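Worksheet: the structure to be examined is printed underneath.
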Amino acid sequence: MRPASRARGFIAFCLALVWLSIATACSTGDNEPVTLRVLASSELADMKPLLEEFRKDTGIELEMDYRGTVDASNALTPGTYRHDLAWLSSDRYFQLKLKQAGQAGKSVEKPLTTSIMRSPVVIGMKPATAKRLRGTTPDRQISWADVADAAADGSLKFGMADPRHSNSGLAALVGVATAAAGTGGVLRPGDVSCDRLRGFFSGHELVEDSSDRLADGFVRRQNDLDALITYESALLALNSGGKLREPLEIVYPKDGMVLSDYPLLLLDPGKRAAYDKLVDWLKSGPVQKKIMERTLRRPIDPAVPRVPRLREPVGNALYFPDDQRVVDRLLAGYGNPQRDKSSQVLFLLDFSGSMRGERIKQLRATFDGLSGADDSRSGKFVRFYRGETLTVLRFGGRVLDERSVTYERQADLDRLRGFVAADDFDTSTAIWSSLDHAYRKASALAQAQPGRALSIVLMTDGENNAGMDLDAFIRRYEGQPRAARAVHTYTIRYGEADTGELDRAARATGGRMVDATAQSLLSAFKEIRGCVQ
């Protein structure tokens with residue numbers, strides 16, 4: 001072979017090797033397996049078959065780390081993410097963390113986020129329960145207030161996930177607290193400064209850390225539970241799973257609910273290409289249809305026709321709080337789900353002569369309202385509830401009489417109202433000696449049942465004209481054991497009562513005063529009722 005031919009052959013061989021090398025490199029770049037570590041809400045485990053299809057279609061594998069949504073959000077620390085992506089039922093709690101970090105002066109870059117599907121947090125009720133509640137409302141629509149009222153009177157027991165761990169529980173807590181606030185807007189710190197949800201939570205009988213365990217628990221206890229508060233998709237799946245004796249009726253509370261949109265968050269910007277592939281695949285029409293059919297979540301794409309079970313309008317979507325203090329207060333008020341839900345309130349009521357006539361009539365009407373006669377939204381949230389112990393101390397120049405009932409049935413409240421209807425009035429008013437008597441009783445109760453919520457509500461229409469003065473009471477109060485000093489007094493000014501003294505006494509004990517001269521006595525009691533601890 002001539003030298004020139006050998007040279008041309010060698011050059012061609014080298015070019016072929018270069019071309020093969022480039023082709024191989026390109027092929028490796030396109031087909032090399034990619035694994036994305038994903039921190040995910042536990043209920044997304046039902047997406048596993050679809051994610052396997054995604055791996056086959058793209059070669060991208062998702063390594064899922066399932067946790068409760070609130071727990072997952074708490075594990076996301078800006079700047080030290082341990083996952084490539086996060087896929088949560090809702091990222092609103094996490095966004096509050098980012099906002100708080102920014103307000104603290106930290107440099108925070110918000111992850112790219114894309115909503116994938118939707119499901120509201122609603123109520124599944126046994127049909128008989130739903131029918132009964134609808135029968136009590138003029139428009140036959142059920143509200144969170146109706147649910148709170150039924151829970152308080154003992155006729156509705158429900159399951160709900162722990163809001164400290166699960167988004168469905170937190171969304172439900174936000175929904176019912178928004179309804180209780182009655183503003184119709186996003187919750188502000190002042191809206192949750194008082195606990196109006198005690199009656200609602202008196203019916204909270206089943207608690208789990210996640211939505212899937214909650215559904216399993218409801219199946220086991222379906223004989224003694226009336227309702228389940230969770231995702232619409234979870235309720236639809238439960239109804240079609242064959243494990244219920246009768247399907248639950250899905251109730252969309254007329255005062256609104258919080259919607260989960262299952263956002264996918266990019267935590268590692270270096271994985272943007274794989275993230276985009278996943279987003280495009282999940283949002284494609286065929287996959288959106290599969291998500292709807294297999295998980296019963298609503299497609300994010302409005303062009304995808306809804307299956308019959310998802311054609312029911314969602315209704316009023318509520319705002320999630322945009323202030324971390326609101327969520328912190330809600331969770332602090334919720335406390336321990338296994339706690340003793342009962343509490344005791346000592347009502348110290350003025351039965352001096354000035355309370356005769358219209359004033360005592362208004363007081364009796366107030367107790368009728370708190371016993372269930374007040375069917376307003378606010379009344380349903382602050383009424384007496386099952387398991388609560390109510391003590392009435394009637395006073396004049398001294399404590400005239402006292403009566404306690406633990407509300408287990410309507411007859412208990414009837415006895416209490418009968419006691420308030422008594423006509424034995426006194427000629428003088430010993431406000432502070434009577435309050436001192438109430439604290440001695442509270443001290444014994446706190447010692448006998450440590451940790452139980454206990455408070456005092458003092459209502460008077462006149463000035464102190466017998467017994468010790470306010471300064472003497474405060475000195476006696478400050479000498480009480482710590483457990484007694486933890487009992488707050490909430491004062492209600494009525495008639496000609498001394499505003500300054502009642503306000504001072506309330507603040508000295510950690511409570512507050514409400515003026516019933518500017519509103520009805522029932523409204524004043526309801527305002528106080530929502531704030532007792």
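In the structure tokens, each chain is lettered A, B, ... as it comes, each chain's residues begin at 1, and ligands are numbered from 1 in order of appearance.
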Can you write out as CSV which residues of stretch 198-274 of chain A fall within 10 Å of stretch 294-298 of chain A, alongside each residue's closest atom pair and its distance in Å to one decimal, counting only C-alpha atoms and ordering rows by chain and ascending residue number?
residue,atom,partner,partner_atom,distance
A:Tyr231,CA,A:Arg297,CA,9.0
A:Glu232,CA,A:Arg297,CA,7.7
A:Ser233,CA,A:Leu296,CA,4.9
A:Ala234,CA,A:Leu296,CA,7.9
A:Leu235,CA,A:Leu296,CA,9.3
A:Leu236,CA,A:Leu296,CA,6.9
A:Ala237,CA,A:Leu296,CA,7.1
A:Ser260,CA,A:Arg297,CA,9.8
A:Asp261,CA,A:Arg298,CA,9.0
A:Tyr262,CA,A:Arg297,CA,9.8
What does the file look like for those residues with C-alpha atoms, as an mmCIF file, in the first residue's frame?
data_model
loop_
_atom_site.group_PDB
_atom_site.id
_atom_site.type_symbol
_atom_site.label_atom_id
_atom_site.label_comp_id
_atom_site.auth_asym_id
_atom_site.auth_seq_id
_atom_site.Cartn_x
_atom_site.Cartn_y
_atom_site.Cartn_z
ATOM 1 C CA TYR A 231 -58.821 14.538 51.964
ATOM 2 C CA GLU A 232 -61.662 14.156 49.499
ATOM 3 C CA SER A 233 -59.504 11.631 47.617
ATOM 4 C CA ALA A 234 -58.995 9.513 50.755
ATOM 5 C CA LEU A 235 -62.730 9.457 51.444
ATOM 6 C CA LEU A 236 -63.554 8.459 47.855
ATOM 7 C CA ALA A 237 -60.961 5.685 48.011
ATOM 8 C CA SER A 260 -54.183 20.934 48.922
ATOM 9 C CA ASP A 261 -52.433 21.282 45.546
ATOM 10 C CA TYR A 262 -49.537 18.778 45.906
#
- Task: Pick out the residues sitting within 10 Å of A:Val70, and hand them over as a VMD selection string; count only C-alpha atoms, and ignore anything fewer than 2 positions along from it in its own chain.
- Result: chain A and resid 41 67 to 68 72 to 75 88 to 94 162 to 170 209 to 210
Write out, as an mmCIF file, in the first residue's frame, the residues just selected, with C-alpha atoms.
data_model
loop_
_atom_site.group_PDB
_atom_site.id
_atom_site.type_symbol
_atom_site.label_atom_id
_atom_site.label_comp_id
_atom_site.auth_asym_id
_atom_site.auth_seq_id
_atom_site.Cartn_x
_atom_site.Cartn_y
_atom_site.Cartn_z
ATOM 1 C CA SER A 41 -45.970 13.430 51.998
ATOM 2 C CA ARG A 67 -43.232 11.466 56.021
ATOM 3 C CA GLY A 68 -46.174 13.395 57.415
ATOM 4 C CA ALA A 72 -41.475 16.817 56.186
ATOM 5 C CA SER A 73 -41.770 20.610 56.140
ATOM 6 C CA ASN A 74 -39.954 20.833 59.459
ATOM 7 C CA ALA A 75 -37.151 18.659 58.005
ATOM 8 C CA LEU A 88 -45.812 17.744 49.597
ATOM 9 C CA SER A 89 -49.574 17.740 49.826
ATOM 10 C CA SER A 90 -49.165 21.449 50.564
ATOM 11 C CA ASP A 91 -46.094 23.672 50.876
ATOM 12 C CA ARG A 92 -47.847 26.509 52.699
ATOM 13 C CA TYR A 93 -46.409 25.533 56.079
ATOM 14 C CA PHE A 94 -42.925 25.347 54.529
ATOM 15 C CA ASP A 162 -52.857 15.174 64.244
ATOM 16 C CA PRO A 163 -52.229 18.705 62.849
ATOM 17 C CA ARG A 164 -48.757 18.707 64.387
ATOM 18 C CA HIS A 165 -47.706 16.046 61.872
ATOM 19 C CA SER A 166 -50.244 15.814 59.058
ATOM 20 C CA ASN A 167 -51.355 18.402 56.507
ATOM 21 C CA SER A 168 -54.918 17.070 56.454
ATOM 22 C CA GLY A 169 -55.171 17.690 60.209
ATOM 23 C CA LEU A 170 -53.591 21.132 59.947
ATOM 24 C CA ASP A 209 -50.128 10.923 62.588
ATOM 25 C CA SER A 210 -50.946 10.396 58.901
#
- One residue among A:Pro78, A:Leu267, A:Ala430, A:Ala45 is nearest to A:Tyr66 when using only C-alpha atoms, and that residue is A:Ala45
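One finds atom CA of A:Phe200 at 9.9 Å from atom CA of A:Arg383.
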Which residues of stretch 477-505 of chain A sit at most 12 Å from stretch 356-361 of chain A, using only C-alpha atoms? Give each one's shortest atom pair and distance in Å (one decimal place), in chain and ascending residue order, as CSV.
residue,atom,partner,partner_atom,distance
A:Tyr494,CA,A:Arg359,CA,9.0
A:Gly495,CA,A:Arg359,CA,8.5
A:Glu496,CA,A:Arg359,CA,11.8
- Task: Identify, with DSSP run on backbone atoms, the residues in stretch 186-323 of chain A assigned to strand (DSSP E or B), and express the list as a VMD selection string.
- Result: chain A and resid 204 to 206 227 to 231 249 to 251 257 259 to 260 263 to 266 298 to 299 317
- Item | Near-A:Ala518 list (12 Å; only C-alpha atoms; drop same-chain fewer than 4 positions) as an MDAnalysis selection string | chainID A and resid 492:495 514 522:524
- Message: DSSP on the backbone, alpha helix (DSSP H) only: what residues of stretch 76-113 of chain A does that give? Format it as an MDAnalysis selection string.
- Response: chainID A and resid 92:103
- Message: as a ChimeraX atom specification, please: the residues near stretch 273-279 of chain A (cut-off 9 Å, only C-alpha atoms, same-chain neighbours under 3 positions excluded).
- Response: /A:34,36,54,58,60,85,114,116,264-266,269-270,282-284
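The gap separating atom CA of A:Gln519 from atom CA of A:Asp461 is 13.9 Å, in Å to one decimal.
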Sorted by chain and rising residue number, which residues of stretch 350-439 of chain A lie within 12 Å of stretch 486-489 of chain A, and what are their closest atom pairs and distances in Å to one decimal, counting only C-alpha atoms, as CSV?
residue,atom,partner,partner_atom,distance
A:Trp432,CA,A:Thr489,CA,11.8
A:Leu435,CA,A:Thr489,CA,8.9
A:Asp436,CA,A:Thr489,CA,11.1
A:Ala438,CA,A:Thr489,CA,9.9
A:Tyr439,CA,A:Val487,CA,8.2
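The space separating atom CA of A:Asn465 from atom CA of A:Ser352 comes to 10.8 Å.
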- Selection near stretch 440-448 of chain A, 7 Å with only C-alpha atoms, sequence-local residues under 3 positions removed, as JSON, numbers by chain: {"A": [436, 437, 483, 484]}
Can those selected residues be exported to a file as an mmCIF file, in the first residue's frame so that it contains N, CA and C atoms?
data_model
loop_
_atom_site.group_PDB
_atom_site.id
_atom_site.type_symbol
_atom_site.label_atom_id
_atom_site.label_comp_id
_atom_site.auth_asym_id
_atom_site.auth_seq_id
_atom_site.Cartn_x
_atom_site.Cartn_y
_atom_site.Cartn_z
ATOM 1 N N ASP A 436 -62.562 35.320 96.456
ATOM 2 C CA ASP A 436 -61.589 34.618 97.290
ATOM 3 C C ASP A 436 -62.091 33.207 97.627
ATOM 4 N N HIS A 437 -63.381 33.090 97.918
ATOM 5 C CA HIS A 437 -63.992 31.776 98.166
ATOM 6 C C HIS A 437 -63.824 30.883 96.928
ATOM 7 N N ALA A 483 -50.596 26.342 91.633
ATOM 8 C CA ALA A 483 -51.667 25.778 90.807
ATOM 9 C C ALA A 483 -52.910 26.657 90.844
ATOM 10 N N ALA A 484 -53.206 27.248 91.994
ATOM 11 C CA ALA A 484 -54.368 28.130 92.109
ATOM 12 C C ALA A 484 -54.110 29.444 91.378
#
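With only C-alpha atoms as the atoms that count, the residue of A:Val287, A:Ala101, A:Val382, A:Leu39 with the shortest distance to A:Ala180 is A:Val382.
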- Message: Show me, as a PyMOL selection string, the residues that have an atom within 9 Å of A:Leu50 when counting only C-alpha atoms, minus same-chain residues fewer than 2 positions from it.
- Response: chain A and resi 46-48+52-55+287+290-291+294
- Within 10 Å of A:Ala215 using only C-alpha atoms, minus same-chain residues under 6 positions, as a count of residues only: 12
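Using only C-alpha atoms, the nearest neighbour of A:Arg118 within the list A:Gly467, A:Pro302, A:Gly184, A:Gly396 is A:Pro302.
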